[in-house]
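Listing of my_file-v6.pdb, PDB, C-alpha atoms
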```pdb
ATOM      1  CA  MET H   1      38.911 -23.276 -27.496
ATOM      2  CA  SER H   2      38.677 -21.003 -30.552
ATOM      3  CA  ALA H   3      38.063 -17.305 -30.124
ATOM      4  CA  LEU H   4      34.562 -16.036 -30.708
ATOM      5  CA  SER H   5      33.905 -14.532 -34.098
ATOM      6  CA  THR H   6      32.759 -10.944 -34.410
ATOM      7  CA  ALA H   7      29.244 -12.165 -35.186
ATOM      8  CA  ASP H   8      29.236 -14.376 -32.083
ATOM      9  CA  LEU H   9      30.426 -11.481 -29.916
ATOM     10  CA  ILE H  10      27.707  -9.209 -31.282
ATOM     11  CA  GLU H  11      25.081 -11.892 -30.663
ATOM     12  CA  GLN H  12      26.326 -12.457 -27.092
ATOM     13  CA  ASN H  13      26.341  -8.723 -26.374
ATOM     14  CA  ASP H  14      22.823  -8.410 -27.741
ATOM     15  CA  LYS H  15      21.624 -11.245 -25.505
ATOM     16  CA  ALA H  16      23.308  -9.703 -22.475
ATOM     17  CA  GLN H  17      21.736  -6.315 -23.185
ATOM     18  CA  ASN H  18      18.290  -7.807 -23.792
ATOM     19  CA  GLN H  19      18.467  -9.772 -20.556
ATOM     20  CA  ALA H  20      19.729  -6.738 -18.627
ATOM     21  CA  THR H  21      16.948  -4.538 -20.017
ATOM     22  CA  ARG H  22      14.303  -7.135 -19.163
ATOM     23  CA  LEU H  23      15.514  -7.639 -15.584
ATOM     24  CA  THR H  24      15.957  -3.910 -15.010
ATOM     25  CA  ASN H  25      12.403  -3.254 -16.171
ATOM     26  CA  LEU H  26      11.084  -5.926 -13.786
ATOM     27  CA  ALA H  27      13.146  -4.603 -10.875
ATOM     28  CA  VAL H  28      11.972  -1.010 -11.307
ATOM     29  CA  ARG H  29       8.413  -2.225 -11.824
ATOM     30  CA  ALA H  30       8.612  -4.169  -8.547
ATOM     31  CA  LEU H  31       9.778  -1.082  -6.636
ATOM     32  CA  ILE H  32       7.085   1.115  -8.193
ATOM     33  CA  GLU H  33       4.258  -1.355  -7.605
ATOM     34  CA  GLU H  34       5.400  -1.958  -4.022
ATOM     35  CA  VAL H  35       5.251   1.730  -3.142
ATOM     36  CA  GLU H  36       1.946   2.241  -4.989
ATOM     37  CA  LEU H  37       0.287  -0.630  -3.097
ATOM     38  CA  THR H  38      -2.371   0.920  -0.845
ATOM     39  CA  PRO H  39      -3.174   0.858   2.050
ATOM     40  CA  LYS H  40       0.064  -0.341   3.640
ATOM     41  CA  PRO H  41       0.499   0.025   7.421
ATOM     42  CA  ALA H  42       2.540   3.173   8.195
ATOM     43  CA  LEU H  43       4.382   2.967   4.861
ATOM     44  CA  VAL H  44       4.493   5.437   1.990
ATOM     45  CA  ASP H  45       1.614   4.739  -0.391
ATOM     46  CA  GLN H  46      -0.988   6.571  -2.443
ATOM     47  CA  ARG H  47      -2.544   8.033   0.724
ATOM     48  CA  GLY H  48       0.602   9.806   1.904
ATOM     49  CA  PRO H  49       4.002   9.362   3.619
ATOM     50  CA  GLY H  50       2.889   6.998   6.387
ATOM     51  CA  ALA H  51       5.118   7.283   9.447
ATOM     52  CA  HIS H  52       7.817   9.084   7.453
ATOM     53  CA  THR H  53       8.462  12.813   7.524
ATOM     54  CA  ASP H  54      11.087  12.905   4.763
ATOM     55  CA  LEU H  55       9.495  10.693   2.092
ATOM     56  CA  SER H  56       6.657  10.917  -0.421
ATOM     57  CA  LEU H  57       5.163   8.760  -3.156
ATOM     58  CA  THR H  58       6.637  11.018  -5.823
ATOM     59  CA  MET H  59      10.085  10.830  -4.247
ATOM     60  CA  MET H  60       9.929   7.036  -3.925
ATOM     61  CA  LYS H  61       8.966   6.633  -7.581
ATOM     62  CA  ARG H  62      11.667   9.051  -8.697
ATOM     63  CA  SER H  63      14.166   7.072  -6.603
ATOM     64  CA  ALA H  64      13.086   3.778  -8.183
ATOM     65  CA  HIS H  65      13.597   5.165 -11.679
ATOM     66  CA  CYS H  66      17.023   6.588 -10.821
ATOM     67  CA  LEU H  67      18.193   3.052  -9.935
ATOM     68  CA  ARG H  68      17.577   1.795 -13.475
ATOM     69  CA  PRO H  69      21.190   2.298 -14.677
ATOM     70  CA  SER H  70      22.555   0.567 -11.570
ATOM     71  CA  PHE H  71      20.349  -2.502 -11.948
ATOM     72  CA  GLU H  72      21.308  -2.663 -15.622
ATOM     73  CA  LEU H  73      25.019  -2.580 -14.758
ATOM     74  CA  MET H  74      24.512  -5.341 -12.175
ATOM     75  CA  ALA H  75      22.794  -7.504 -14.774
ATOM     76  CA  LEU H  76      25.420  -6.867 -17.440
ATOM     77  CA  ALA H  77      28.263  -7.613 -15.013
ATOM     78  CA  SER H  78      26.561 -10.872 -13.995
ATOM     79  CA  PHE H  79      25.458 -12.183 -17.404
ATOM     80  CA  ARG H  80      26.380 -15.878 -17.700
ATOM     81  CA  GLN H  81      28.780 -15.589 -14.742
ATOM     82  CA  ILE H  82      29.006 -17.734 -11.633
ATOM     83  CA  PRO H  83      29.182 -16.378  -8.066
ATOM     84  CA  SER H  84      32.763 -15.269  -7.420
ATOM     85  CA  GLN H  85      34.726 -12.915  -5.199
ATOM     86  CA  THR H  86      35.471 -10.626  -8.137
ATOM     87  CA  LEU H  87      31.826 -10.391  -9.137
ATOM     88  CA  ARG H  88      30.794  -9.788  -5.521
ATOM     89  CA  GLU H  89      33.150  -6.837  -5.245
ATOM     90  CA  ASP H  90      32.071  -5.470  -8.635
ATOM     91  CA  LEU H  91      28.434  -5.610  -7.499
ATOM     92  CA  GLY H  92      29.361  -3.924  -4.229
ATOM     93  CA  ALA H  93      30.931  -1.035  -6.128
ATOM     94  CA  ILE H  94      27.842  -0.706  -8.341
ATOM     95  CA  GLY H  95      25.631  -0.836  -5.252
ATOM     96  CA  ARG H  96      27.530   2.012  -3.605
ATOM     97  CA  TRP H  97      27.210   4.036  -6.805
ATOM     98  CA  ALA H  98      23.471   3.256  -6.774
ATOM     99  CA  GLU H  99      23.218   4.589  -3.210
ATOM    100  CA  GLN H 100      24.932   7.814  -4.220
ATOM    101  CA  SER H 101      22.554   8.202  -7.168
ATOM    102  CA  MET H 102      19.631   7.621  -4.822
ATOM    103  CA  LEU H 103      20.830  10.193  -2.293
ATOM    104  CA  LEU H 104      21.444  12.782  -4.993
ATOM    105  CA  THR H 105      17.966  12.183  -6.400
ATOM    106  CA  THR H 106      16.218  12.374  -3.020
ATOM    107  CA  GLY H 107      18.234  15.151  -1.431
ATOM    108  CA  GLY H 108      19.768  12.766   1.088
ATOM    109  CA  ALA H 109      16.703  10.689   2.000
ATOM    110  CA  ASN H 110      17.121   6.918   2.272
ATOM    111  CA  THR H 111      14.375   5.651   0.006
ATOM    112  CA  HIS H 112      15.787   2.363  -1.307
ATOM    113  CA  ARG H 113      19.073   1.440   0.393
ATOM    114  CA  GLY H 114      17.688  -1.930   1.488
ATOM    115  CA  ALA H 115      16.108  -2.581  -1.904
ATOM    116  CA  ILE H 116      19.394  -1.856  -3.705
ATOM    117  CA  TRP H 117      20.943  -4.737  -1.740
ATOM    118  CA  THR H 118      17.978  -7.109  -1.864
ATOM    119  CA  VAL H 119      16.667  -6.583  -5.383
ATOM    120  CA  GLY H 120      20.171  -5.976  -6.732
ATOM    121  CA  LEU H 121      21.316  -9.426  -5.606
ATOM    122  CA  LEU H 122      18.261 -11.022  -7.212
ATOM    123  CA  VAL H 123      18.807  -9.127 -10.474
ATOM    124  CA  SER H 124      22.392 -10.358 -10.542
ATOM    125  CA  ALA H 125      21.391 -13.951  -9.813
ATOM    126  CA  ALA H 126      18.734 -13.927 -12.517
ATOM    127  CA  ALA H 127      21.227 -12.499 -15.025
ATOM    128  CA  MET H 128      23.547 -15.432 -14.322
ATOM    129  CA  GLY H 129      20.876 -17.717 -15.753
ATOM    130  CA  ALA H 130      18.789 -18.794 -12.756
ATOM    131  CA  ASN H 131      15.193 -19.017 -14.014
ATOM    132  CA  SER H 132      12.937 -20.025 -11.105
ATOM    133  CA  PRO H 133      12.408 -18.034  -7.887
ATOM    134  CA  ASP H 134      14.076 -20.807  -5.859
ATOM    135  CA  ALA H 135      17.099 -20.900  -8.175
ATOM    136  CA  VAL H 136      17.429 -17.114  -8.201
ATOM    137  CA  ALA H 137      17.296 -16.952  -4.400
ATOM    138  CA  HIS H 138      19.846 -19.780  -4.082
ATOM    139  CA  THR H 139      22.313 -18.056  -6.416
ATOM    140  CA  ALA H 140      21.760 -14.718  -4.670
ATOM    141  CA  ARG H 141      22.510 -16.458  -1.374
ATOM    142  CA  GLN H 142      25.866 -17.636  -2.731
ATOM    143  CA  LEU H 143      26.730 -14.068  -3.688
ATOM    144  CA  ALA H 144      25.601 -12.641  -0.344
ATOM    145  CA  CYS H 145      27.819 -15.089   1.539
ATOM    146  CA  LEU H 146      30.928 -13.730  -0.182
ATOM    147  CA  PRO H 147      32.660 -10.799   1.561
ATOM    148  CA  ASP H 148      32.994  -7.379  -0.023
ATOM    149  CA  TRP H 149      36.342  -6.128   1.244
ATOM    150  CA  SER H 150      35.675  -2.610  -0.033
ATOM    151  CA  THR H 151      32.581  -2.054   2.089
ATOM    152  CA  PRO H 152      32.954   1.162   4.146
ATOM    153  CA  LYS H 153      33.589   0.443   7.805
ATOM    154  CA  GLN H 154      31.287   3.118   9.262
ATOM    155  CA  GLN H 155      28.133   1.865  10.957
ATOM    156  CA  SER H 156      24.660   2.362   9.497
ATOM    157  CA  ASN H 157      21.326   2.472  11.303
ATOM    158  CA  GLY H 158      20.778  -1.120  10.220
ATOM    159  CA  SER H 159      24.123  -2.387  11.524
ATOM    160  CA  ARG H 160      23.581  -0.645  14.867
ATOM    161  CA  VAL H 161      20.136  -2.241  15.204
ATOM    162  CA  ILE H 162      21.528  -5.673  14.315
ATOM    163  CA  GLN H 163      24.187  -5.289  16.995
ATOM    164  CA  ARG H 164      21.823  -3.946  19.656
ATOM    165  CA  TYR H 165      18.905  -6.323  19.158
ATOM    166  CA  GLN H 166      20.837  -9.372  17.891
ATOM    167  CA  VAL H 167      18.768  -9.822  14.722
ATOM    168  CA  SER H 168      19.959 -10.917  11.277
ATOM    169  CA  GLY H 169      18.956  -7.891   9.169
ATOM    170  CA  ALA H 170      18.953  -7.650   5.380
ATOM    171  CA  ARG H 171      22.359  -9.288   5.032
ATOM    172  CA  GLY H 172      21.318 -12.262   7.138
ATOM    173  CA  GLU H 173      18.104 -12.610   5.139
ATOM    174  CA  ALA H 174      20.077 -12.768   1.890
ATOM    175  CA  GLN H 175      22.673 -15.148   3.307
ATOM    176  CA  ALA H 176      19.843 -17.479   4.366
ATOM    177  CA  GLY H 177      18.442 -17.526   0.820
ATOM    178  CA  PHE H 178      15.590 -15.036   1.357
ATOM    179  CA  PRO H 179      13.318 -17.307   3.424
ATOM    180  CA  HIS H 180      10.755 -14.540   3.998
ATOM    181  CA  VAL H 181      10.375 -14.236   0.235
ATOM    182  CA  ILE H 182      10.568 -17.890  -0.817
ATOM    183  CA  THR H 183       8.718 -19.608   2.045
ATOM    184  CA  ILE H 184       6.375 -16.798   3.138
ATOM    185  CA  GLY H 185       5.851 -13.938   0.676
ATOM    186  CA  LEU H 186       5.456 -15.887  -2.562
ATOM    187  CA  PRO H 187       3.318 -18.744  -1.129
ATOM    188  CA  ILE H 188       0.907 -16.306   0.554
ATOM    189  CA  LEU H 189       0.708 -14.171  -2.592
ATOM    190  CA  HIS H 190      -0.179 -17.228  -4.678
ATOM    191  CA  ARG H 191      -2.593 -18.668  -2.116
ATOM    192  CA  SER H 192      -4.498 -15.409  -1.739
ATOM    193  CA  ARG H 193      -4.882 -15.174  -5.502
ATOM    194  CA  GLN H 194      -6.124 -18.748  -5.697
ATOM    195  CA  GLU H 195      -8.678 -18.041  -2.969
ATOM    196  CA  GLY H 196     -10.175 -15.222  -5.020
ATOM    197  CA  SER H 197      -8.569 -12.170  -3.435
ATOM    198  CA  SER H 198      -7.927  -9.153  -5.619
ATOM    199  CA  GLU H 199      -4.327  -8.470  -6.630
ATOM    200  CA  THR H 200      -4.168  -5.627  -4.100
ATOM    201  CA  GLN H 201      -5.462  -7.886  -1.325
ATOM    202  CA  ALA H 202      -3.073 -10.700  -2.288
ATOM    203  CA  ARG H 203      -0.088  -8.342  -2.182
ATOM    204  CA  LEU H 204      -1.185  -6.849   1.135
ATOM    205  CA  ASP H 205      -1.540 -10.370   2.557
ATOM    206  CA  ALA H 206       1.992 -11.183   1.369
ATOM    207  CA  LEU H 207       3.308  -8.020   3.043
ATOM    208  CA  LEU H 208       1.495  -8.838   6.286
ATOM    209  CA  ALA H 209       2.787 -12.419   6.278
ATOM    210  CA  ILE H 210       6.344 -11.106   5.942
ATOM    211  CA  MET H 211       5.708  -8.550   8.708
ATOM    212  CA  ALA H 212       4.305 -11.193  11.049
ATOM    213  CA  SER H 213       7.580 -13.137  10.939
ATOM    214  CA  LEU H 214      10.389 -10.681  10.124
ATOM    215  CA  ASP H 215      12.548  -9.012  12.776
ATOM    216  CA  ASP H 216      12.272  -5.785  10.795
ATOM    217  CA  THR H 217      15.264  -3.558  11.528
ATOM    218  CA  CYS H 218      13.378  -0.444  10.366
ATOM    219  CA  LEU H 219      10.731  -1.022  13.034
ATOM    220  CA  LEU H 220      13.389  -1.724  15.652
ATOM    221  CA  HIS H 221      15.311   1.414  14.720
ATOM    222  CA  ARG H 222      12.241   3.627  14.964
ATOM    223  CA  GLY H 223      10.333   2.062  17.856
ATOM    224  CA  GLY H 224      12.282  -0.786  19.450
ATOM    225  CA  PHE H 225      10.681  -4.055  20.492
ATOM    226  CA  ALA H 226       7.354  -2.327  21.187
ATOM    227  CA  ALA H 227       6.974  -1.372  17.532
ATOM    228  CA  LEU H 228       8.199  -4.743  16.292
ATOM    229  CA  ASN H 229       5.807  -6.618  18.579
ATOM    230  CA  ARG H 230       2.842  -4.472  17.551
ATOM    231  CA  ALA H 231       3.628  -4.967  13.869
ATOM    232  CA  GLN H 232       4.069  -8.725  14.181
ATOM    233  CA  THR H 233       0.988  -9.365  16.320
ATOM    234  CA  GLY H 234      -1.145  -6.945  14.306
ATOM    235  CA  ALA H 235      -0.148  -8.483  10.977
ATOM    236  CA  ALA H 236      -0.750 -11.994  12.315
ATOM    237  CA  ALA H 237      -4.207 -10.942  13.529
ATOM    238  CA  VAL H 238      -5.193  -9.722  10.053
ATOM    239  CA  LEU H 239      -4.150 -13.031   8.519
ATOM    240  CA  ALA H 240      -5.875 -15.038  11.266
ATOM    241  CA  ALA H 241      -9.096 -13.163  10.462
ATOM    242  CA  GLY H 242      -8.908 -14.408   6.880
ATOM    243  CA  GLY H 243      -6.679 -11.748   5.384
ATOM    244  CA  THR H 244      -7.470  -8.385   3.872
ATOM    245  CA  ALA H 245     -10.282  -9.810   1.709
ATOM    246  CA  THR H 246     -12.479 -10.175   4.816
ATOM    247  CA  GLY H 247     -14.272  -7.369   6.595
ATOM    248  CA  GLN H 248     -12.676  -8.159   9.929
ATOM    249  CA  GLY H 249      -9.230  -8.466   8.363
ATOM    250  CA  TRP H 250      -9.635  -5.099   6.663
ATOM    251  CA  GLU H 251     -10.670  -3.443   9.933
ATOM    252  CA  LEU H 252      -7.685  -4.957  11.727
ATOM    253  CA  LEU H 253      -5.401  -3.645   8.976
ATOM    254  CA  GLN H 254      -6.704  -0.108   9.574
ATOM    255  CA  ARG H 255      -6.113  -0.539  13.318
ATOM    256  CA  LEU H 256      -2.559  -1.735  12.724
ATOM    257  CA  ASP H 257      -1.937   1.270  10.496
ATOM    258  CA  ARG H 258      -3.153   3.661  13.207
ATOM    259  CA  ASP H 259      -1.085   1.956  15.912
ATOM    260  CA  LEU H 260       2.163   2.059  13.923
ATOM    261  CA  LEU H 261       1.553   5.674  12.936
ATOM    262  CA  ALA H 262       1.142   6.515  16.626
ATOM    263  CA  LEU H 263       4.498   4.835  17.267
ATOM    264  CA  LYS H 264       6.033   6.666  14.285
ATOM    265  CA  ALA H 265       7.360   3.324  13.081
ATOM    266  CA  SER H 266       7.148   1.737   9.638
ATOM    267  CA  PRO H 267       8.048  -1.770   8.422
ATOM    268  CA  GLY H 268      10.516  -0.698   5.744
ATOM    269  CA  GLY H 269      12.408  -3.989   5.756
ATOM    270  CA  SER H 270       9.181  -5.867   5.082
ATOM    271  CA  ALA H 271       8.430  -3.488   2.212
ATOM    272  CA  ASP H 272      11.838  -4.263   0.649
ATOM    273  CA  LEU H 273      11.093  -7.982   0.869
ATOM    274  CA  LEU H 274       7.661  -7.444  -0.685
ATOM    275  CA  ALA H 275       9.420  -5.731  -3.617
ATOM    276  CA  ALA H 276      11.707  -8.776  -3.846
ATOM    277  CA  THR H 277       8.641 -11.038  -3.752
ATOM    278  CA  LEU H 278       7.040  -9.109  -6.607
ATOM    279  CA  PHE H 279      10.281  -9.195  -8.613
ATOM    280  CA  LEU H 280      10.527 -12.985  -8.355
ATOM    281  CA  ASP H 281       6.810 -13.311  -9.102
ATOM    282  CA  PHE H 282       7.315 -11.245 -12.265
ATOM    283  CA  ILE H 283      10.250 -13.457 -13.287
ATOM    284  CA  ALA H 284       8.133 -16.590 -12.815
ATOM    285  CA  SER H 285       5.264 -15.185 -14.868
ATOM    286  CA  SER H 286       7.437 -13.788 -17.694
ATOM    287  CA  PRO H 287      10.230 -16.304 -18.264
ATOM    288  CA  SER H 288      13.111 -15.213 -20.450
ATOM    289  CA  THR H 289      13.934 -16.727 -23.786
ATOM    290  CA  LYS H 290      16.738 -19.260 -23.821
ATOM    291  CA  ASN H 291      20.205 -17.745 -23.689
TER
END
```

Please, can you express the file's structure as structure tokens?
Amino acid sequence: MSALSTADLIEQNDKAQNQATRLTNLAVRALIEEVELTPKPALVDQRGPGAHTDLSLTMMKRSAHCLRPSFELMALASFRQIPSQTLREDLGAIGRWAEQSMLLTTGGANTHRGAIWTVGLLVSAAAMGANSPDAVAHTARQLACLPDWSTPKQQSNGSRVIQRYQVSGARGEAQAGFPHVITIGLPILHRSRQEGSSETQARLDALLAIMASLDDTCLLHRGGFAALNRAQTGAAAVLAAGGTATGQGWELLQRLDRDLLALKASPGGSADLLAATLFLDFIASSPSTKN
């Protein structure tokens, strides 16, 4: 095979940069629009910090913007690649750098650790050339199933919860192909829109559908099975009442918010998967030009 000419290399670099810029913009947009969605049960939104004492809307938005260079590096590293051990370890290194950037920006608060993993994998998969939500999730799954031998060995809150409660966590969700995004979040988002709900109501319904099914490690960490059970049953009740577009559903959402605040527990894992849902929805509605 002949070497690429200088013109070909410039064209390829331009395409890689354009794709990386596009995907980075969509990823940051997804994180911003997730946190701005209001009212979310016990989560940071435009009303306040929810069940959190160390977070704010301003901090969450600043954190999302600080991740822009990391998402761009993930996309550039993944452009036209296939899932491989080398790429997996490169992405792991970028992800750890992203976490450090986040912690420096927030003064040590964990705003987006889960989203760096979840959305970062999807950014990488999309940069490889996967165009549909299903294809992106499938490619991300292949990446997630590869080991990262450089991962620090110390335990996190998430890993301790996974061990204690025997749940799959964010890693298991990715290794399963993001079922809560592909088979729950996106279908409910689309169905609610088709039924005439506002965009806010459709996104809240998608969040609640994820909450009703997910063994959310953030809830388990903060409030154990009591918090998880209240979140799941409360979210299911809102949907059973017709969703947030109905009067009864809206009232049940407010009740769920109050109950989780009383437990000082928030569904942060569900929020990360809503951001992933929005990211894949944005990809589907703004397809890239052919590479």

Just give me the residues with any atom within 9 Å of (29.1, -7.5, -6.2), file coordinates, counting all atoms listed in the file, written as a list in words.
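All residues meeting the 9 Å criterion around (29.1, -7.5, -6.2) are Met74, Ala77, Ser78, Ser84, Gln85, Thr86, Leu87, Arg88, Glu89, Asp90, Leu91, Gly92, Ala93, Ile94, Gly95, Leu121, Ser124, Leu143, Ala144, Leu146 and Asp148 of chain H.
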
Here is a test: counting all atoms listed in the file, which residue of H:Ala20, H:Leu55, H:Ala236, H:Val123 is nearest to Gly107 of chain H?
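Among the listed residues, the smallest separation from Gly107 of chain H belongs to H:Leu55.
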
Atom pair atom CA of Asn25 of chain H / atom CA of Thr277 of chain H: separation (Å):
15.1 Å

Between atom CA of Arg96 of chain H and atom CA of Thr151 of chain H lies a distance of 8.6 Å

Do you know which residues are at most 8 Å from segment 117-119 of chain H counting only C-alpha atoms, after dropping those on the same chain fewer than 4 positions away, and could you put them as a VMD selection string?
chain H and resid 27 95 113 123 170 174 272 to 273 275 to 276 279

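Counting only C-alpha atoms and comparing H:Gly120, H:Ala241, H:Pro41, H:Leu260, the residue that lies closest to Asn229 of chain H is H:Leu260.
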
What is the atom CA of His138 of chain H-atom CA of Pro69 of chain H distance in Å, reported with one decimal?
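These atoms are spaced 24.5 Å apart.
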
Given the PyMOL selection byres ((chain H and resi 64) around 10) and the file above, list the residues it selects as a ChimeraX atom specification.
/H:27-32,35,58-63,65-68,102,105,111-112,115-116

Option closest in space to Ser156 of chain H, from H:Asn110, H:Thr200, H:Gln232, H:Gln17 [counting all atoms listed in the file]:
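Looking at the shortest contact to Ser156 of chain H, the residue is H:Asn110.
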
Nearest to Asp216 of chain H among H:Ser285, H:Thr233, H:Ser270, H:Ser198, with distances taken over all atoms listed in the file: which residue is it?
H:Ser270
